[in-house]
Amino acid sequence: MVTRRDRRLRTALTVLVAWSALAGAALVGAAPASGVQRVRTIAPGVQYSEFDISANAGVTRAHLLSIDLRNRHVRVDLLHPGVVAARATVSRLVEARGAVAGINGDFFNISEAQHPGVDATGSPVGPEIAGGRSLKAAVPRGQRFGPALPPGAGTEDVLGVGTDRTARLDRLFLSASVSTPEGRLQLRGLNQYALPVGSIGAYTADWGSVSRARATCGTDTNRAAPCSRDTREVVIRNGRVVATANGPGSGPIAAGTTVLLGREAGAQQLRKLFKGESVQVHHRLVAASSRVPYVFAIGGCPVLRHGTPLSGLDNGTSTVRTAVGIADGGHRLLLLALDGARDYRSGLTVAEVASALRNLGATEGFNLDGGGSTTMVTRTGHQSAASVRNHPSAGAERPVPDGIGVFSGA
């Protein structure tokens with residue numbers, strides 16, 4: 001059934017459909033309220049446009065990147081500051097990686113007011129894959145930041161692009177273990193800011209230098225629960241235990257070194273390991289659906305599947321948002337960022353985001369971090385500096401842990 005909300009969104013996007021038909025091009029944007037179409041080719045296969053959407057809370061300005069994954073000159077990958085537990089602005093990430101465009105990514109551990117003395121890690125909620133390499137796994141559902149998840153969604157949900165250059169929604173689960181002289185131990189964490197109660201997690205050089213103390217705070221259902229007092233760390237280098245400690249540590253982790261961190265029952269298991277013992281750590285991210293390896297994957301929240309918005313999406317809170325649509329059978333990505341300027345800050349609800357993506361031609365949709373994090377930047381080949389296309393709602397770019405980068409080899 002077509003709702004009043006859908007009719008309003010489709011009315012705002014009518015010019016887009018007409019423009020696309022006249023131009024013989026793929027869906028790339030709608031006209032702003034002024035009636036002037038603003039469409040620019042950033043690189044072969046990459047187009048930028050902006051347009052207005054009339055929604056429940058008022059008119060909001062949208063910025064759209066349309067990426068043709070069938071164009072061999074184009075690829076997408078994870079933008080990140082080099083380690084999981086660090087943040088940088090999207091502009092800096094785009095410039096550092098030589099991307100032509102980018103948007104912000106996953107929700108992240110932004111504050112720790114509920115745990116005095118514990119530093120926020122700045123690391124994201126969901127899994128990350130960059131350049132085909134697994135960087136981190138998902139935190140427990142009760143430890144996530146961001147709006148409530150729709151029924152059936154979890155922190156393992158990702159948007160990814162496989163080695164077949166096709167985008168899809170999937171889930172990435174951690175498959176990991178530790179082989180010890182006493183037997184095999186299960187690992188339930190990889191470079192993540194929160195570990196399940198009673199578990200063991202692994203931290204590598206990809207984590208960074210931030211303290212690992214946050215990983216032992218909260219519970220699987222309550223992010224604000226106190227930090228555990230029963231913890232243990234074991235340092236593994238070249239297949240041997242080289243150090244142990246009774247609390248989480250900090251500082252950079254050397255290449256080839258793995259730090260095992262346990263809480264409660266996990267800590268008790270790690271106390272059975274002693275210096276000099278032989279220990280082997282194995283970990284990988286396993287896709288729930290695709291058998292095609294992922295080149296890139298980022299966490300967030302699914303909002304649209306097979307052309308239908310998910311049930312239970314919030315339709316009461318309007319704000320500035322970032323989202324991604326998958327169109328043309330996975331061969332086109334639509335990166336959407338709303339404007340945070342005062343005249344457009346009313347934004348969209350999550351349900352309206354799903355409808356907007358569908359009206360733009362997407363069959364699958366994925367919600368990313370919004371509010372002050374929402375940022376879209378572009379950079380043409382002759383520019384060294386990236387240009388921020390939207391107006392961040394806080395007045396300046398917020399540093400974020402990751403994003404989606406668009407790269408061109410043309």
# chains A, B, ... in the order shown; residues from 1 in each chain; ligands from 1
>>> residues_around(residues="stretch 344-348 of chain A", least_positions_apart="3", cutoff="6 Å", atoms="only C-alpha atoms", output="PyMOL selection string")
chain A and resi 57+60-61+318-320+340-341+352
>>> write_last_selection(atoms="N, CA, C and O atoms", output="tab-separated table (two decimals), in the first residue's frame")
chain	number	residue	atom	x	y	z
A	57	ALA	N	8.80	16.14	8.57
A	57	ALA	CA	9.27	17.26	9.39
A	57	ALA	C	9.61	18.49	8.57
A	57	ALA	O	10.05	19.49	9.13
A	60	THR	N	14.13	18.70	3.37
A	60	THR	CA	15.53	18.47	3.67
A	60	THR	C	16.32	18.37	2.38
A	60	THR	O	15.79	17.93	1.35
A	61	ARG	N	17.55	18.81	2.41
A	61	ARG	CA	18.43	18.74	1.25
A	61	ARG	C	19.23	17.44	1.30
A	61	ARG	O	19.77	17.08	2.34
A	318	SER	N	13.05	12.49	13.31
A	318	SER	CA	13.66	13.02	12.09
A	318	SER	C	14.99	13.67	12.44
A	318	SER	O	15.07	14.46	13.39
A	319	THR	N	16.03	13.34	11.67
A	319	THR	CA	17.34	13.93	11.90
A	319	THR	C	18.17	13.82	10.63
A	319	THR	O	17.75	13.20	9.64
A	320	VAL	N	19.34	14.41	10.65
A	320	VAL	CA	20.28	14.31	9.54
A	320	VAL	C	20.82	12.88	9.51
A	320	VAL	O	21.20	12.34	10.54
A	340	GLY	N	23.07	19.26	6.91
A	340	GLY	CA	22.86	19.71	8.27
A	340	GLY	C	22.71	21.21	8.42
A	340	GLY	O	22.70	21.71	9.55
A	341	ALA	N	22.59	21.94	7.29
A	341	ALA	CA	22.37	23.38	7.37
A	341	ALA	C	21.06	23.67	8.09
A	341	ALA	O	20.12	22.87	8.06
A	352	GLU	N	11.62	6.97	6.54
A	352	GLU	CA	11.66	7.83	5.35
A	352	GLU	C	12.94	7.61	4.56
A	352	GLU	O	12.93	7.70	3.32
>>> residues_around(residues="A:Glu112", least_positions_apart="3", cutoff="10 Å", atoms="only C-alpha atoms", output="MDAnalysis selection string")
chainID A and resid 109 115:121 214 217 223:224
>>> select_by_dssp(residues="stretch 273-349 of chain A", states="strand (DSSP E or B)", output="PyMOL selection string")
chain A and resi 278+280-287+294-299+301-305+308-309+319+322-327+332-338+348
>>> residues_around(residues="stretch 81-93 of chain A", least_positions_apart="5", cutoff="8 Å", atoms="only C-alpha atoms", output="NGL selection string")
:A and (102-104 or 121-124 or 135-136 or 191 or 205-210 or 375-377 or 385-388 or 397-403)
>>> write_last_selection(atoms="N, CA, C and O atoms", output="tab-separated table (two decimals), in the first residue's frame")
chain	number	residue	atom	x	y	z
A	102	GLY	N	33.83	10.28	-0.66
A	102	GLY	CA	33.64	9.44	0.52
A	102	GLY	C	32.51	9.95	1.39
A	102	GLY	O	32.12	11.12	1.32
A	103	ILE	N	31.97	9.04	2.20
A	103	ILE	CA	30.99	9.41	3.21
A	103	ILE	C	31.40	8.75	4.53
A	103	ILE	O	32.21	7.84	4.55
A	104	ASN	N	30.82	9.22	5.62
A	104	ASN	CA	31.07	8.62	6.93
A	104	ASN	C	30.42	7.25	7.00
A	104	ASN	O	29.57	6.90	6.18
A	121	THR	N	36.92	4.58	23.01
A	121	THR	CA	37.91	4.10	22.04
A	121	THR	C	37.75	4.74	20.67
A	121	THR	O	38.68	4.71	19.86
A	122	GLY	N	36.57	5.27	20.37
A	122	GLY	CA	36.34	5.81	19.03
A	122	GLY	C	36.18	4.74	17.98
A	122	GLY	O	36.11	5.06	16.79
A	123	SER	N	36.10	3.48	18.37
A	123	SER	CA	36.04	2.40	17.39
A	123	SER	C	34.60	2.05	17.03
A	123	SER	O	33.68	2.25	17.82
A	124	PRO	N	34.38	1.48	15.84
A	124	PRO	CA	33.02	1.24	15.35
A	124	PRO	C	32.35	0.02	15.97
A	124	PRO	O	33.00	-0.84	16.58
A	135	LEU	N	39.45	-6.62	9.74
A	135	LEU	CA	40.03	-5.76	10.77
A	135	LEU	C	39.41	-5.97	12.14
A	135	LEU	O	40.10	-5.91	13.16
A	136	LYS	N	38.10	-6.18	12.18
A	136	LYS	CA	37.42	-6.30	13.47
A	136	LYS	C	36.10	-7.04	13.31
A	136	LYS	O	35.57	-7.14	12.21
A	191	ASN	N	39.45	-7.18	18.02
A	191	ASN	CA	39.65	-5.73	17.90
A	191	ASN	C	38.36	-4.94	18.08
A	191	ASN	O	38.04	-4.05	17.29
A	205	ALA	N	47.79	-5.57	15.99
A	205	ALA	CA	48.30	-4.24	15.64
A	205	ALA	C	47.22	-3.38	14.99
A	205	ALA	O	47.31	-2.14	15.02
A	206	ASP	N	46.20	-4.01	14.41
A	206	ASP	CA	45.11	-3.26	13.78
A	206	ASP	C	44.26	-2.50	14.79
A	206	ASP	O	43.52	-1.59	14.41
A	207	TRP	N	44.35	-2.86	16.08
A	207	TRP	CA	43.56	-2.18	17.10
A	207	TRP	C	44.05	-0.76	17.31
A	207	TRP	O	43.26	0.18	17.41
A	208	GLY	N	45.34	-0.55	17.42
A	208	GLY	CA	45.89	0.76	17.71
A	208	GLY	C	46.47	0.82	19.11
A	208	GLY	O	46.77	-0.21	19.72
A	209	SER	N	46.61	2.02	19.66
A	209	SER	CA	47.27	2.18	20.96
A	209	SER	C	46.32	2.52	22.10
A	209	SER	O	46.75	2.65	23.24
A	210	VAL	N	45.04	2.68	21.81
A	210	VAL	CA	44.06	3.04	22.84
A	210	VAL	C	43.93	1.92	23.86
A	210	VAL	O	44.03	0.73	23.52
A	375	THR	N	28.59	13.25	6.72
A	375	THR	CA	29.51	14.02	5.89
A	375	THR	C	29.66	13.38	4.53
A	375	THR	O	29.80	12.16	4.44
A	376	MET	N	29.63	14.18	3.49
A	376	MET	CA	29.97	13.73	2.15
A	376	MET	C	31.01	14.67	1.57
A	376	MET	O	30.85	15.90	1.63
A	377	VAL	N	32.09	14.10	1.04
A	377	VAL	CA	33.13	14.91	0.41
A	377	VAL	C	33.44	14.36	-0.96
A	377	VAL	O	33.26	13.17	-1.23
A	385	ALA	N	42.80	18.85	-2.24
A	385	ALA	CA	41.92	18.93	-1.08
A	385	ALA	C	40.51	18.47	-1.44
A	385	ALA	O	40.03	18.69	-2.55
A	386	ALA	N	39.87	17.82	-0.48
A	386	ALA	CA	38.50	17.37	-0.68
A	386	ALA	C	37.53	18.49	-0.32
A	386	ALA	O	37.80	19.31	0.57
A	387	SER	N	36.40	18.53	-1.01
A	387	SER	CA	35.36	19.53	-0.75
A	387	SER	C	34.20	18.88	-0.02
A	387	SER	O	33.69	17.84	-0.45
A	388	VAL	N	33.78	19.47	1.08
A	388	VAL	CA	32.63	18.96	1.83
A	388	VAL	C	31.36	19.42	1.11
A	388	VAL	O	31.13	20.61	0.95
A	397	GLU	N	33.28	19.23	10.44
A	397	GLU	CA	33.31	17.77	10.34
A	397	GLU	C	33.63	17.13	11.68
A	397	GLU	O	34.52	17.59	12.40
A	398	ARG	N	32.92	16.07	11.99
A	398	ARG	CA	33.21	15.27	13.18
A	398	ARG	C	34.17	14.16	12.80
A	398	ARG	O	33.94	13.46	11.81
A	399	PRO	N	35.25	13.95	13.54
A	399	PRO	CA	36.11	12.80	13.27
A	399	PRO	C	35.34	11.49	13.47
A	399	PRO	O	34.59	11.35	14.44
A	400	VAL	N	35.52	10.57	12.55
A	400	VAL	CA	34.81	9.29	12.57
A	400	VAL	C	35.81	8.15	12.40
A	400	VAL	O	36.92	8.35	11.90
A	401	PRO	N	35.44	6.92	12.80
A	401	PRO	CA	36.39	5.81	12.71
A	401	PRO	C	36.49	5.18	11.33
A	401	PRO	O	37.51	4.56	11.02
A	402	ASP	N	35.43	5.31	10.54
A	402	ASP	CA	35.50	4.70	9.22
A	402	ASP	C	34.49	5.35	8.27
A	402	ASP	O	33.69	6.21	8.68
A	403	GLY	N	34.56	4.96	7.03
A	403	GLY	CA	33.66	5.49	6.02
A	403	GLY	C	33.78	4.66	4.76
A	403	GLY	O	34.53	3.68	4.69
>>> closest_residue(among="A:Gly325, A:Pro147, A:Gly256, A:Gly300", to="A:Gly105", atoms="only C-alpha atoms")
A:Gly300
>>> atom_distance(atom1="atom CA of A:Val39", atom2="atom CA of A:His63")
10.2 Å
>>> closest_residue(among="A:Ala394, A:Val139, A:Val350, A:Val161", to="A:Thr221", atoms="only C-alpha atoms")
A:Val139
>>> residues_around(residues="A:Ile200", least_positions_apart="3", cutoff="9 Å", atoms="only C-alpha atoms", output="JSON, numbers by chain")
{"A": [185, 186, 187, 188, 189, 195, 196, 197, 260, 261, 262, 263, 265, 266, 267, 269, 270]}
>>> write_last_selection(atoms="all heavy atoms", output="compact mmCIF listing (two decimals), in the first residue's frame")
# COMPACT_ATOMS: atom_id res chain seq x y z
N LEU A 185 40.50 -22.98 23.03
CA LEU A 185 39.64 -21.98 23.63
C LEU A 185 38.92 -21.21 22.53
O LEU A 185 39.51 -20.90 21.49
CB LEU A 185 40.45 -21.00 24.48
CG LEU A 185 41.35 -21.59 25.57
CD1 LEU A 185 42.12 -20.48 26.26
CD2 LEU A 185 40.53 -22.39 26.57
N GLN A 186 37.67 -20.89 22.76
CA GLN A 186 36.92 -20.10 21.79
C GLN A 186 37.20 -18.62 21.96
O GLN A 186 37.25 -18.12 23.09
CB GLN A 186 35.42 -20.34 21.93
CG GLN A 186 34.58 -19.59 20.90
CD GLN A 186 33.08 -19.77 21.11
OE1 GLN A 186 32.65 -20.32 22.12
NE2 GLN A 186 32.30 -19.34 20.15
N LEU A 187 37.39 -17.92 20.84
CA LEU A 187 37.51 -16.47 20.84
C LEU A 187 36.18 -15.87 20.40
O LEU A 187 35.61 -16.29 19.40
CB LEU A 187 38.60 -16.01 19.88
CG LEU A 187 40.06 -16.12 20.33
CD1 LEU A 187 40.97 -15.63 19.22
CD2 LEU A 187 40.29 -15.34 21.60
N ARG A 188 35.72 -14.87 21.13
CA ARG A 188 34.45 -14.23 20.78
C ARG A 188 34.61 -12.73 20.53
O ARG A 188 33.63 -11.99 20.53
CB ARG A 188 33.42 -14.48 21.88
CG ARG A 188 33.11 -15.97 22.05
CD ARG A 188 32.09 -16.20 23.14
NE ARG A 188 30.82 -15.53 22.83
CZ ARG A 188 29.85 -15.34 23.73
NH1 ARG A 188 30.04 -15.75 24.97
NH2 ARG A 188 28.73 -14.75 23.38
N GLY A 189 35.84 -12.32 20.28
CA GLY A 189 36.05 -10.92 19.96
C GLY A 189 37.32 -10.73 19.16
O GLY A 189 38.29 -11.47 19.31
N LEU A 195 33.51 -6.79 24.74
CA LEU A 195 33.53 -8.25 24.65
C LEU A 195 32.30 -8.82 25.35
O LEU A 195 31.83 -8.28 26.35
CB LEU A 195 34.78 -8.81 25.32
CG LEU A 195 36.13 -8.48 24.68
CD1 LEU A 195 37.26 -9.00 25.55
CD2 LEU A 195 36.21 -9.07 23.27
N PRO A 196 31.78 -9.95 24.85
CA PRO A 196 30.69 -10.61 25.56
C PRO A 196 31.12 -11.01 26.96
O PRO A 196 32.30 -11.29 27.21
CB PRO A 196 30.41 -11.85 24.70
CG PRO A 196 30.93 -11.50 23.34
CD PRO A 196 32.12 -10.62 23.59
N VAL A 197 30.18 -11.04 27.90
CA VAL A 197 30.47 -11.44 29.27
C VAL A 197 31.03 -12.87 29.26
O VAL A 197 30.54 -13.76 28.56
CB VAL A 197 29.20 -11.37 30.13
CG1 VAL A 197 29.43 -11.97 31.50
CG2 VAL A 197 28.74 -9.92 30.26
N LEU A 260 45.58 -11.40 24.06
CA LEU A 260 44.32 -12.03 24.43
C LEU A 260 43.80 -11.37 25.70
O LEU A 260 44.54 -11.24 26.68
CB LEU A 260 44.50 -13.52 24.66
CG LEU A 260 45.04 -14.35 23.49
CD1 LEU A 260 45.17 -15.81 23.89
CD2 LEU A 260 44.15 -14.20 22.26
N LEU A 261 42.56 -10.93 25.68
CA LEU A 261 41.94 -10.29 26.84
C LEU A 261 40.70 -11.07 27.23
O LEU A 261 39.81 -11.30 26.41
CB LEU A 261 41.57 -8.84 26.51
CG LEU A 261 40.77 -8.07 27.57
CD1 LEU A 261 41.54 -8.00 28.89
CD2 LEU A 261 40.44 -6.66 27.07
N GLY A 262 40.65 -11.51 28.49
CA GLY A 262 39.51 -12.27 28.98
C GLY A 262 38.81 -11.56 30.12
O GLY A 262 39.43 -10.83 30.88
N ARG A 263 37.50 -11.77 30.22
CA ARG A 263 36.73 -11.26 31.34
C ARG A 263 35.92 -12.41 31.95
O ARG A 263 35.44 -13.29 31.24
CB ARG A 263 35.81 -10.11 30.91
CG ARG A 263 34.86 -10.41 29.78
CD ARG A 263 33.97 -9.22 29.45
NE ARG A 263 33.11 -8.86 30.58
CZ ARG A 263 32.24 -7.84 30.57
NH1 ARG A 263 32.13 -7.08 29.48
NH2 ARG A 263 31.49 -7.58 31.63
N ALA A 265 34.71 -15.71 33.10
CA ALA A 265 35.12 -17.08 32.76
C ALA A 265 36.27 -17.09 31.78
O ALA A 265 37.15 -17.96 31.82
CB ALA A 265 33.93 -17.85 32.19
N GLY A 266 36.30 -16.11 30.87
CA GLY A 266 37.40 -16.01 29.92
C GLY A 266 38.72 -15.71 30.62
O GLY A 266 39.78 -16.23 30.25
N ALA A 267 38.66 -14.85 31.63
CA ALA A 267 39.87 -14.54 32.41
C ALA A 267 40.38 -15.78 33.14
O ALA A 267 41.60 -16.02 33.22
CB ALA A 267 39.57 -13.42 33.40
N GLN A 269 40.09 -18.84 32.20
CA GLN A 269 40.74 -19.72 31.23
C GLN A 269 42.14 -19.23 30.89
O GLN A 269 43.08 -20.02 30.77
CB GLN A 269 39.88 -19.80 29.96
CG GLN A 269 38.58 -20.56 30.13
CD GLN A 269 37.75 -20.56 28.86
OE1 GLN A 269 37.58 -19.53 28.20
NE2 GLN A 269 37.24 -21.72 28.48
N LEU A 270 42.30 -17.91 30.76
CA LEU A 270 43.61 -17.36 30.41
C LEU A 270 44.61 -17.50 31.55
O LEU A 270 45.83 -17.52 31.31
CB LEU A 270 43.48 -15.89 30.00
CG LEU A 270 42.76 -15.62 28.67
CD1 LEU A 270 42.78 -14.13 28.35
CD2 LEU A 270 43.40 -16.40 27.52
>>> closest_residue(among="A:Thr322, A:Asn390, A:Thr257, A:Asn71", to="A:Gly45", atoms="only C-alpha atoms")
A:Asn71
>>> closest_residue(among="A:Val303, A:Val235, A:Val158, A:Val406", to="A:Ala254", atoms="only C-alpha atoms")
A:Val235
>>> closest_residue(among="A:Glu182, A:Ala255, A:Arg284, A:Lys275", to="A:Arg133", atoms="only C-alpha atoms")
A:Arg284
>>> select_by_dssp(residues="stretch 43-260 of chain A", states="alpha helix (DSSP H)", output="list in words")
Val90, Ser91, Arg92, Leu93, Val94, Glu95, Ala96 and Arg97 of chain A
>>> write_last_selection(atoms="C-alpha atoms", output="compact mmCIF listing (two decimals), in the first residue's frame")
# COMPACT_ATOMS: atom_id res chain seq x y z
CA VAL A 90 36.13 12.16 6.15
CA SER A 91 38.05 14.88 4.28
CA ARG A 92 41.36 13.77 5.79
CA LEU A 93 40.58 10.11 5.12
CA VAL A 94 39.72 10.82 1.48
CA GLU A 95 42.83 12.93 0.95
CA ALA A 96 45.13 10.46 2.69
CA ARG A 97 43.89 7.54 0.60
>>> closest_residue(among="A:Thr378, A:Pro248, A:Asp164, A:Asp343", to="A:Thr41", atoms="only C-alpha atoms")
A:Thr378
>>> atom_distance(atom1="atom CA of A:Ser355", atom2="atom CA of A:Pro150")
15.1 Å
>>> residues_around(residues="A:Leu310", least_positions_apart="3", cutoff="12 Å", atoms="only C-alpha atoms", output="list in words")
Leu149, Pro150, Pro151, Gly152, Ala153, Cys301, Pro302, Val303, Leu304, Arg305, His306, Gly307, Leu313, Asp314, Asn315, Val350, Ala351, Glu352, Val353, Ala354, Ser355, Arg358, Thr363, Glu364, Gly365, Phe366 and Asn367 of chain A
>>> atom_distance(atom1="atom CA of A:Glu156", atom2="atom CA of A:Ala138")
5.5 Å
